[in-house]
Amino acid sequence: MISVEGLKVEFSAKPLFDGVSFVVNDRDRIALVGKNGAGKSTMLKILCRQQQPTAGSVAIPADTTVGYLPQVMKLQDKTTVLEETRKAFANTTRQKERIERLNKEISERTDYESASYMELLQRYTEEQERYQMMGAESGEAEMERTLIGLGFERSDFNRPTSEFSGGWRMRIELAKILLQHPDVLLLDEPTNHLDIESIQWLEQFLAQNSSAVVLVSHDRAFINNVTNRTLEISCGHVIDYKVKYDEYVKLRAERREQQLRAYENQQKEIADMKAFIERFRYQATKAVQVQQKVKQLEKIVPIEIDEVDNSAMRLKFPPCLRSGDFPIICDEVGKTYGTHNVFSKVNLTIRRGEKVAFVGKNGEGKSTLVKCIMGEIPFDGTLKVGHNVQIGYFAQNQAQLLDESLTVFQTIDNVAKGDIRLRINDILGAFMFGGEESEKRVKVLSGGERSRLAMIRLLLEPVNLLILDEPTNHLDMASKDVLKEAIRAFDGTAIIVSHDREFLDGLVSKVYEFGGGKVRECIGGIYDWIGAPRTSDLRPQTSDLRPQTSSPAPSNYEQRKELQRKKSRLEKQVKEVETKIEKLEARIKELDAILCTPEGASDMTVVTEYTSTMKVIEKETERWEQLSMELEEIII
């Protein structure tokens with residue numbers, strides 16, 4: 001579908017990548033990976049022809065459509081959510097207008113036997129068929145399903161887009177791209193503004209979609225669930241691994257080990273040649289051999305070793321005071337803005353040493369409760385911060401509090417204490433500030449870079465309660481691994497607001513779900529929560545300080561996972577049957593209209609199609625009833 005040949009891209013005469021060739025095939029699910037700055041976003045822009053390469057070619061067939069979601073894009077402010085999303089069907093609207101013009105021309109013609117009239121009828125039929133293939137009749141229903149899947153409520157549909165944050169408006173742009181059903185989807189960090197439920201919906205959508213997908217993402221669970229092929233940009237080249245991300249990581253480690261051995265052998269060979277040349281340089285009897293060694297040395301192509309990350313690095317929080325047994329206690333806590341109830345009657349107790357997650361859709365109150373804990377906003381009820389609690393708080397605005405006159409290195413050097421000062425460069429490298437990056441002034445850093453720097457600064461402060469609001473948004477996978485291991489080894493308590501399942505997995509032992517004005521507690525990890533029922537409130541934690549029950553037995557957890565998989569499979573089949581029935585019923589309406597005309601009533605082809613279509617509807621309806629019964633019997 002897309003063929004890349006001999007691609008080269010230079011910035012200021014320095015090649016970003018060179019000699020790159022690969023093909024994106026039909027139904028490929030490709031993860032484009034590499035360290036920050038390797039050129040992943042640039043590659044996507046080249047694939048969709050928004051940027052031209054220095055050399056090489058990108059061949060895309062004329063009838064192949066490409067949909068591209070960048071990390072940042074200009075958004076409209078003058079429409080409602082539905083009106084903006086409906087722009088996805090601009091091609092369908094134009095097609096409908098073409099059909100209407102043809103229909104008008106046919107109705108005005110009287111030369112029924114002429115060749116031009118027959119050609120006009122043929123063109124009308126072809127355009128009508130193309131319109132049907134676009135799925136135009138079910139467009140509105142599909143639009144609603146997509147918006148709801150991405151987290152919108154029906155009550156949001158007629159609200160102006162200007163009322164929504166940038167993250168929610170990016171969801172509208174994603175919906176528009178998905179609704180166009182392009183042949184190739186290019187997605188640059190599509191999960192950045194999505195909650196866990198919306199990410200899962202997107203995973204399912206991409207699995208069912210026939211488009212090829214090339215995506216850049218630092219969400220490991222997402223790319224593992226979506227992709228089946230990994231293209232790595234490393235040392236200016238692209239290495240093609242025909243496996244999903246987790247398998248790629250293993251193969252890459254093996255490849256790098258082989259490169260290291262080959263590099264060491266080459267370095268020994270070079271050293272031996274140089275020693276021979278130096279030893280016999282001035283001996284006439286060895287002149288020929290020396291010249292041969294010089295020529296051999298000149299011909300050696302240095303072996304490149306794939307760029308290595310610092311994910312194996314360990315970072316430990318500095319010692320801190322021991323806090324009281326219960327750092328946070330909420331008793332009937334509530335928060336309202338005017339008539340809007342964010343949450344009410346929140347009762348929870350967080351014990352010393354616990355790592356807990358706040359999850360739920362955006363706008364349901366996760367960050368609001370954090371602000372209540374921090375004392376930044378007023379609230380109803382009682383919220384107690386325990387004895388000797390020292391809070392380390394990371395929020396997006398923390399990045400704005402950095403001293404812009406300092407360099408990256410100075411910012412960290414000012415807070416580092418003791419032996420950790422000897423490892424500042426290693427720490428900066430682990431968070432993508434290696435080499436010359438550490439000498440940049442804070443004032444020239446992007447928003448994402450400032451957030452990373454604020455995170456490093458927090459990791460070096462002596463605190464015993466960490467509150468992290470979306471800490472992984474601007475981190476690559478290696479940096480997330482470093483952060484995750486540091487929090488796991490942290491002696492204190494941690495509250496983590498995040499939509500990153502892979503990051504939370506194995507890190508938290510309790511999940512608080514925010515939604516519908518309530519906060520529900522789920523004992524166990526993130527995947528225990530994902531598999532838990534949503535139909536009724538879980539028993540809320542009260543101020544009763546008795547020991548908690550343990551996590552569910554692993555066997556029960558596996559059974560729930562299997563049931564969840566079966567449920568998802570049945571839901572997918574039910575939706576497919578419903579879509580098929582919708583299309584068949586739409587065709588029946590068309591045939592009914594034709595049969596109401598004198599010509600149609602006597603056309604046996606139409607009658608035969610009507611009868612056969614009704615039989616198929618009956619058969620599919622029976623199948624739908626059977627699948628629905630099986631679905632209702634599943635209790636998780």
# chains A, B, ... in the order shown; residues from 1 in each chain; ligands from 1
call {"tool": "select_by_dssp", "arguments": {"residues": "segment 350-591 of chain A", "states": "strand (DSSP E)", "output": "PyMOL selection string"}}
result
chain A and resi 350+355-360+380-385+391-394+465-469+493-497+510-515+518-523
call {"tool": "residues_around", "arguments": {"residues": "Glu10 of chain A", "least_positions_apart": "3", "cutoff": "10 Å", "atoms": "only C-alpha atoms", "output": "ChimeraX atom specification"}}
result
/A:13-18,53-55
call {"tool": "residues_around", "arguments": {"residues": "Leu406 of chain A", "least_positions_apart": "2", "cutoff": "9 Å", "atoms": "only C-alpha atoms", "output": "list in words"}}
result
Leu402, Asp403, Glu404, Val408, Phe409, Gln410, Thr411, Lys440, Arg441, Val442 and Lys443 of chain A
call {"tool": "select_by_dssp", "arguments": {"residues": "segment 408-439 of chain A", "states": "alpha helix (DSSP H)", "output": "list in words"}}
result
Val408, Phe409, Gln410, Thr411, Ile412, Asp413, Ile424, Asn425, Asp426, Ile427, Leu428, Gly429 and Ala430 of chain A
call {"tool": "write_last_selection", "arguments": {"atoms": "all heavy atoms", "output": "CSV table (one decimal), in the first residue's frame"}}
result
chain,number,residue,atom,x,y,z
A,408,VAL,N,19.4,22.5,32.6
A,408,VAL,CA,18.8,21.2,33.1
A,408,VAL,C,19.6,20.6,34.2
A,408,VAL,O,19.1,20.2,35.2
A,408,VAL,CB,18.7,20.2,31.9
A,408,VAL,CG1,18.3,18.8,32.4
A,408,VAL,CG2,17.6,20.7,30.9
A,409,PHE,N,21.0,20.6,34.0
A,409,PHE,CA,21.9,20.0,34.9
A,409,PHE,C,21.8,20.8,36.3
A,409,PHE,O,21.7,20.2,37.3
A,409,PHE,CB,23.3,20.0,34.4
A,409,PHE,CG,24.3,19.3,35.3
A,409,PHE,CD1,24.6,18.0,35.2
A,409,PHE,CD2,24.9,20.0,36.3
A,409,PHE,CE1,25.4,17.3,36.0
A,409,PHE,CE2,25.8,19.4,37.2
A,409,PHE,CZ,26.1,18.1,37.0
A,410,GLN,N,21.8,22.1,36.2
A,410,GLN,CA,21.8,22.9,37.4
A,410,GLN,C,20.5,22.7,38.2
A,410,GLN,O,20.5,22.7,39.4
A,410,GLN,CB,21.9,24.4,37.0
A,410,GLN,CG,23.3,24.8,36.6
A,410,GLN,CD,23.4,26.2,36.0
A,410,GLN,OE1,22.3,26.7,35.5
A,410,GLN,NE2,24.5,26.8,35.9
A,411,THR,N,19.4,22.6,37.5
A,411,THR,CA,18.1,22.4,38.1
A,411,THR,C,18.1,21.1,39.0
A,411,THR,O,17.6,21.1,40.2
A,411,THR,CB,17.0,22.2,37.1
A,411,THR,OG1,16.9,23.4,36.3
A,411,THR,CG2,15.6,22.0,37.7
A,412,ILE,N,18.8,20.1,38.5
A,412,ILE,CA,18.8,18.8,39.3
A,412,ILE,C,20.0,18.9,40.3
A,412,ILE,O,19.8,18.4,41.5
A,412,ILE,CB,19.0,17.6,38.4
A,412,ILE,CG1,17.9,17.6,37.4
A,412,ILE,CG2,19.1,16.3,39.1
A,412,ILE,CD1,16.5,17.6,38.0
A,413,ASP,N,21.1,19.5,40.0
A,413,ASP,CA,22.2,19.6,40.9
A,413,ASP,C,21.9,20.4,42.2
A,413,ASP,O,22.4,20.1,43.2
A,413,ASP,CB,23.4,20.3,40.2
A,413,ASP,CG,24.7,20.2,41.0
A,413,ASP,OD1,25.0,19.1,41.5
A,413,ASP,OD2,25.4,21.2,41.0
A,424,ILE,N,24.1,12.2,38.6
A,424,ILE,CA,23.2,13.1,37.9
A,424,ILE,C,23.1,12.9,36.4
A,424,ILE,O,22.0,12.9,35.8
A,424,ILE,CB,23.5,14.6,38.2
A,424,ILE,CG1,23.2,14.9,39.7
A,424,ILE,CG2,22.7,15.6,37.4
A,424,ILE,CD1,23.6,16.3,40.2
A,425,ASN,N,24.2,12.8,35.8
A,425,ASN,CA,24.2,12.6,34.3
A,425,ASN,C,23.5,11.3,33.9
A,425,ASN,O,22.8,11.2,32.9
A,425,ASN,CB,25.7,12.6,33.8
A,425,ASN,CG,26.2,14.0,33.7
A,425,ASN,OD1,25.5,14.9,33.4
A,425,ASN,ND2,27.5,14.1,33.9
A,426,ASP,N,23.7,10.2,34.7
A,426,ASP,CA,23.0,9.0,34.4
A,426,ASP,C,21.5,9.2,34.6
A,426,ASP,O,20.7,8.7,33.8
A,426,ASP,CB,23.5,7.9,35.4
A,426,ASP,CG,24.9,7.4,35.1
A,426,ASP,OD1,25.4,7.7,34.0
A,426,ASP,OD2,25.5,6.9,36.1
A,427,ILE,N,21.1,9.9,35.6
A,427,ILE,CA,19.6,10.1,35.9
A,427,ILE,C,19.1,10.9,34.7
A,427,ILE,O,18.0,10.6,34.2
A,427,ILE,CB,19.4,10.8,37.2
A,427,ILE,CG1,19.9,9.9,38.4
A,427,ILE,CG2,18.0,11.2,37.4
A,427,ILE,CD1,20.0,10.6,39.7
A,428,LEU,N,19.8,12.0,34.3
A,428,LEU,CA,19.3,12.8,33.2
A,428,LEU,C,19.2,12.0,31.9
A,428,LEU,O,18.2,12.2,31.2
A,428,LEU,CB,20.2,14.0,33.0
A,428,LEU,CG,20.2,15.1,34.1
A,428,LEU,CD1,21.3,16.1,33.9
A,428,LEU,CD2,18.8,15.7,34.2
A,429,GLY,N,20.2,11.1,31.7
A,429,GLY,CA,20.1,10.3,30.5
A,429,GLY,C,18.9,9.4,30.5
A,429,GLY,O,18.3,9.1,29.5
A,430,ALA,N,18.6,8.8,31.7
A,430,ALA,CA,17.5,7.9,31.8
A,430,ALA,C,16.1,8.6,31.5
A,430,ALA,O,15.2,8.0,31.0
A,430,ALA,CB,17.4,7.3,33.2
call {"tool": "residues_around", "arguments": {"residues": "segment 204-206 of chain A", "least_positions_apart": "4", "cutoff": "9 Å", "atoms": "only C-alpha atoms", "output": "PyMOL selection string"}}
result
chain A and resi 29+178+199-200+210-211+213+225-226+572
call {"tool": "residues_around", "arguments": {"residues": "Lys510 of chain A", "least_positions_apart": "2", "cutoff": "10 Å", "atoms": "only C-alpha atoms", "output": "ChimeraX atom specification"}}
result
/A:350,354-358,495,507-508,512-513,521-526,528-529,551
call {"tool": "atom_distance", "arguments": {"atom1": "atom CA of Glu599 of chain A", "atom2": "atom CA of Lys615 of chain A"}}
result
23.7 Å
call {"tool": "residues_around", "arguments": {"residues": "Ile300 of chain A", "least_positions_apart": "2", "cutoff": "12 Å", "atoms": "only C-alpha atoms", "output": "PDB file with all heavy atoms, in the first residue's frame"}}
result
ATOM      1  N   TYR A 263      31.443  -5.885  17.553  1.00  0.00           N
ATOM      2  CA  TYR A 263      32.152  -4.617  17.740  1.00  0.00           C
ATOM      3  C   TYR A 263      33.460  -4.843  18.497  1.00  0.00           C
ATOM      4  O   TYR A 263      34.514  -4.299  18.128  1.00  0.00           O
ATOM      5  CB  TYR A 263      31.258  -3.645  18.509  1.00  0.00           C
ATOM      6  CG  TYR A 263      31.927  -2.340  18.869  1.00  0.00           C
ATOM      7  CD1 TYR A 263      32.052  -1.325  17.929  1.00  0.00           C
ATOM      8  CD2 TYR A 263      32.426  -2.141  20.156  1.00  0.00           C
ATOM      9  CE1 TYR A 263      32.675  -0.123  18.259  1.00  0.00           C
ATOM     10  CE2 TYR A 263      33.048  -0.946  20.490  1.00  0.00           C
ATOM     11  CZ  TYR A 263      33.169   0.058  19.549  1.00  0.00           C
ATOM     12  OH  TYR A 263      33.779   1.236  19.874  1.00  0.00           O
ATOM     13  N   GLN A 266      35.911  -6.457  16.237  1.00  0.00           N
ATOM     14  CA  GLN A 266      36.421  -5.490  15.262  1.00  0.00           C
ATOM     15  C   GLN A 266      37.434  -4.549  15.911  1.00  0.00           C
ATOM     16  O   GLN A 266      38.461  -4.222  15.307  1.00  0.00           O
ATOM     17  CB  GLN A 266      35.274  -4.687  14.658  1.00  0.00           C
ATOM     18  CG  GLN A 266      35.705  -3.784  13.502  1.00  0.00           C
ATOM     19  CD  GLN A 266      34.567  -2.942  12.973  1.00  0.00           C
ATOM     20  OE1 GLN A 266      34.078  -2.064  13.681  1.00  0.00           O
ATOM     21  NE2 GLN A 266      34.148  -3.194  11.731  1.00  0.00           N
ATOM     22  N   GLN A 267      37.134  -4.092  17.130  1.00  0.00           N
ATOM     23  CA  GLN A 267      38.060  -3.203  17.823  1.00  0.00           C
ATOM     24  C   GLN A 267      39.401  -3.882  18.097  1.00  0.00           C
ATOM     25  O   GLN A 267      40.465  -3.250  17.989  1.00  0.00           O
ATOM     26  CB  GLN A 267      37.445  -2.721  19.144  1.00  0.00           C
ATOM     27  CG  GLN A 267      36.280  -1.765  18.976  1.00  0.00           C
ATOM     28  CD  GLN A 267      36.647  -0.522  18.203  1.00  0.00           C
ATOM     29  OE1 GLN A 267      37.572   0.203  18.571  1.00  0.00           O
ATOM     30  NE2 GLN A 267      35.944  -0.274  17.106  1.00  0.00           N
ATOM     31  N   GLU A 269      40.645  -6.285  16.219  1.00  0.00           N
ATOM     32  CA  GLU A 269      41.284  -6.374  14.908  1.00  0.00           C
ATOM     33  C   GLU A 269      41.927  -5.041  14.532  1.00  0.00           C
ATOM     34  O   GLU A 269      43.058  -5.001  14.044  1.00  0.00           O
ATOM     35  CB  GLU A 269      40.232  -6.764  13.854  1.00  0.00           C
ATOM     36  CG  GLU A 269      40.811  -6.959  12.454  1.00  0.00           C
ATOM     37  CD  GLU A 269      39.722  -7.258  11.434  1.00  0.00           C
ATOM     38  OE1 GLU A 269      38.538  -7.295  11.815  1.00  0.00           O
ATOM     39  OE2 GLU A 269      40.066  -7.435  10.247  1.00  0.00           O
ATOM     40  N   ILE A 270      41.229  -3.933  14.773  1.00  0.00           N
ATOM     41  CA  ILE A 270      41.761  -2.602  14.464  1.00  0.00           C
ATOM     42  C   ILE A 270      43.004  -2.314  15.309  1.00  0.00           C
ATOM     43  O   ILE A 270      44.018  -1.803  14.815  1.00  0.00           O
ATOM     44  CB  ILE A 270      40.684  -1.526  14.713  1.00  0.00           C
ATOM     45  CG1 ILE A 270      39.580  -1.641  13.663  1.00  0.00           C
ATOM     46  CG2 ILE A 270      41.285  -0.127  14.698  1.00  0.00           C
ATOM     47  CD1 ILE A 270      38.363  -0.780  13.949  1.00  0.00           C
ATOM     48  N   MET A 273      45.942  -4.243  13.970  1.00  0.00           N
ATOM     49  CA  MET A 273      46.473  -3.630  12.742  1.00  0.00           C
ATOM     50  C   MET A 273      47.298  -2.395  13.057  1.00  0.00           C
ATOM     51  O   MET A 273      48.378  -2.184  12.498  1.00  0.00           O
ATOM     52  CB  MET A 273      45.315  -3.251  11.809  1.00  0.00           C
ATOM     53  CG  MET A 273      44.662  -4.425  11.118  1.00  0.00           C
ATOM     54  SD  MET A 273      43.361  -3.858   9.984  1.00  0.00           S
ATOM     55  CE  MET A 273      42.713  -5.427   9.431  1.00  0.00           C
ATOM     56  N   LYS A 293      48.209  -3.384   5.492  1.00  0.00           N
ATOM     57  CA  LYS A 293      47.449  -3.167   6.728  1.00  0.00           C
ATOM     58  C   LYS A 293      46.761  -1.789   6.720  1.00  0.00           C
ATOM     59  O   LYS A 293      45.613  -1.646   7.169  1.00  0.00           O
ATOM     60  CB  LYS A 293      48.368  -3.257   7.955  1.00  0.00           C
ATOM     61  CG  LYS A 293      48.958  -4.639   8.203  1.00  0.00           C
ATOM     62  CD  LYS A 293      47.899  -5.628   8.657  1.00  0.00           C
ATOM     63  CE  LYS A 293      48.537  -6.971   8.998  1.00  0.00           C
ATOM     64  NZ  LYS A 293      47.500  -7.990   9.343  1.00  0.00           N
ATOM     65  N   VAL A 294      47.449  -0.782   6.198  1.00  0.00           N
ATOM     66  CA  VAL A 294      46.870   0.569   6.124  1.00  0.00           C
ATOM     67  C   VAL A 294      45.635   0.555   5.246  1.00  0.00           C
ATOM     68  O   VAL A 294      44.585   1.135   5.590  1.00  0.00           O
ATOM     69  CB  VAL A 294      47.904   1.585   5.584  1.00  0.00           C
ATOM     70  CG1 VAL A 294      47.235   2.926   5.272  1.00  0.00           C
ATOM     71  CG2 VAL A 294      49.035   1.785   6.590  1.00  0.00           C
ATOM     72  N   LYS A 295      45.738  -0.112   4.080  1.00  0.00           N
ATOM     73  CA  LYS A 295      44.588  -0.194   3.164  1.00  0.00           C
ATOM     74  C   LYS A 295      43.427  -0.962   3.800  1.00  0.00           C
ATOM     75  O   LYS A 295      42.266  -0.592   3.661  1.00  0.00           O
ATOM     76  CB  LYS A 295      45.012  -0.853   1.855  1.00  0.00           C
ATOM     77  CG  LYS A 295      45.907   0.030   1.007  1.00  0.00           C
ATOM     78  CD  LYS A 295      46.351  -0.687  -0.273  1.00  0.00           C
ATOM     79  CE  LYS A 295      47.271   0.224  -1.100  1.00  0.00           C
ATOM     80  NZ  LYS A 295      47.757  -0.479  -2.312  1.00  0.00           N
ATOM     81  N   GLN A 296      43.759  -2.072   4.483  1.00  0.00           N
ATOM     82  CA  GLN A 296      42.714  -2.854   5.175  1.00  0.00           C
ATOM     83  C   GLN A 296      42.013  -2.001   6.234  1.00  0.00           C
ATOM     84  O   GLN A 296      40.793  -2.043   6.388  1.00  0.00           O
ATOM     85  CB  GLN A 296      43.329  -4.092   5.830  1.00  0.00           C
ATOM     86  CG  GLN A 296      43.754  -5.168   4.843  1.00  0.00           C
ATOM     87  CD  GLN A 296      44.468  -6.315   5.533  1.00  0.00           C
ATOM     88  OE1 GLN A 296      44.581  -6.357   6.752  1.00  0.00           O
ATOM     89  NE2 GLN A 296      44.971  -7.259   4.733  1.00  0.00           N
ATOM     90  N   LEU A 297      42.817  -1.211   6.952  1.00  0.00           N
ATOM     91  CA  LEU A 297      42.268  -0.361   8.007  1.00  0.00           C
ATOM     92  C   LEU A 297      41.319   0.687   7.426  1.00  0.00           C
ATOM     93  O   LEU A 297      40.253   0.969   7.991  1.00  0.00           O
ATOM     94  CB  LEU A 297      43.418   0.322   8.752  1.00  0.00           C
ATOM     95  CG  LEU A 297      43.111   0.933  10.122  1.00  0.00           C
ATOM     96  CD1 LEU A 297      42.571  -0.117  11.080  1.00  0.00           C
ATOM     97  CD2 LEU A 297      44.363   1.580  10.696  1.00  0.00           C
ATOM     98  N   GLU A 298      41.686   1.240   6.275  1.00  0.00           N
ATOM     99  CA  GLU A 298      40.857   2.261   5.633  1.00  0.00           C
ATOM    100  C   GLU A 298      39.528   1.696   5.143  1.00  0.00           C
ATOM    101  O   GLU A 298      38.520   2.411   5.069  1.00  0.00           O
ATOM    102  CB  GLU A 298      41.616   2.891   4.463  1.00  0.00           C
ATOM    103  CG  GLU A 298      42.790   3.777   4.904  1.00  0.00           C
ATOM    104  CD  GLU A 298      43.627   4.234   3.731  1.00  0.00           C
ATOM    105  OE1 GLU A 298      43.451   3.675   2.615  1.00  0.00           O
ATOM    106  OE2 GLU A 298      44.470   5.133   3.920  1.00  0.00           O
ATOM    107  N   PRO A 302      32.988   0.728  10.306  1.00  0.00           N
ATOM    108  CA  PRO A 302      32.745   0.570  11.751  1.00  0.00           C
ATOM    109  C   PRO A 302      31.382  -0.075  12.027  1.00  0.00           C
ATOM    110  O   PRO A 302      30.378   0.283  11.415  1.00  0.00           O
ATOM    111  CB  PRO A 302      32.786   2.007  12.281  1.00  0.00           C
ATOM    112  CG  PRO A 302      33.535   2.782  11.248  1.00  0.00           C
ATOM    113  CD  PRO A 302      33.232   2.129   9.943  1.00  0.00           C
ATOM    114  N   ILE A 303      31.381  -1.035  12.933  1.00  0.00           N
ATOM    115  CA  ILE A 303      30.125  -1.687  13.322  1.00  0.00           C
ATOM    116  C   ILE A 303      29.369  -0.761  14.265  1.00  0.00           C
ATOM    117  O   ILE A 303      29.926  -0.277  15.260  1.00  0.00           O
ATOM    118  CB  ILE A 303      30.405  -3.038  14.007  1.00  0.00           C
ATOM    119  CG1 ILE A 303      30.950  -4.029  12.979  1.00  0.00           C
ATOM    120  CG2 ILE A 303      29.137  -3.590  14.673  1.00  0.00           C
ATOM    121  CD1 ILE A 303      31.434  -5.335  13.581  1.00  0.00           C
TER     122      ILE A 303
END
call {"tool": "residues_around", "arguments": {"residues": "Phe89 of chain A", "least_positions_apart": "5", "cutoff": "9 Å", "atoms": "only C-alpha atoms", "output": "MDAnalysis selection string"}}
result
chainID A and resid 94 136 139 176 179:180
call {"tool": "write_last_selection", "arguments": {"atoms": "N, CA and C atoms", "output": "PDB file, in the first residue's frame"}}
result
ATOM      1  N   ARG A  94     -20.512  15.053  -0.650  1.00  0.00           N
ATOM      2  CA  ARG A  94     -20.274  15.416  -2.052  1.00  0.00           C
ATOM      3  C   ARG A  94     -20.802  14.337  -2.992  1.00  0.00           C
ATOM      4  N   ALA A 136     -22.964   5.313   3.847  1.00  0.00           N
ATOM      5  CA  ALA A 136     -23.544   6.630   4.136  1.00  0.00           C
ATOM      6  C   ALA A 136     -24.812   6.549   4.969  1.00  0.00           C
ATOM      7  N   GLY A 139     -24.180   6.338   8.634  1.00  0.00           N
ATOM      8  CA  GLY A 139     -23.153   7.267   9.091  1.00  0.00           C
ATOM      9  C   GLY A 139     -23.447   7.901  10.435  1.00  0.00           C
ATOM     10  N   LYS A 176     -13.121  11.786  13.797  1.00  0.00           N
ATOM     11  CA  LYS A 176     -13.281  12.146  12.384  1.00  0.00           C
ATOM     12  C   LYS A 176     -12.400  11.273  11.489  1.00  0.00           C
ATOM     13  N   LEU A 179     -13.766   7.662  11.372  1.00  0.00           N
ATOM     14  CA  LEU A 179     -15.015   7.567  10.613  1.00  0.00           C
ATOM     15  C   LEU A 179     -14.790   7.630   9.103  1.00  0.00           C
ATOM     16  N   GLN A 180     -13.650   8.158   8.676  1.00  0.00           N
ATOM     17  CA  GLN A 180     -13.358   8.219   7.244  1.00  0.00           C
ATOM     18  C   GLN A 180     -12.905   6.867   6.694  1.00  0.00           C
TER      19      GLN A 180
END
call {"tool": "closest_residue", "arguments": {"among": "A:Glu562, A:Asp419, A:Asp195, A:Glu461", "to": "Gly531 of chain A", "atoms": "only C-alpha atoms"}}
result
A:Glu562
call {"tool": "closest_atom_pairs", "arguments": {"of": "segment 196-227 of chain A", "to": "segment 147-153 of chain A", "cutoff": "8 Å", "atoms": "only C-alpha atoms", "output": "tab-separated table"}}
result
residue	atom	partner	partner_atom	distance
A:Glu197	CA	A:Gly151	CA	7.8
A:Ser198	CA	A:Leu150	CA	4.9
A:Ile199	CA	A:Leu150	CA	7.8
A:Trp201	CA	A:Gly149	CA	5.8
A:Leu202	CA	A:Leu150	CA	7.5
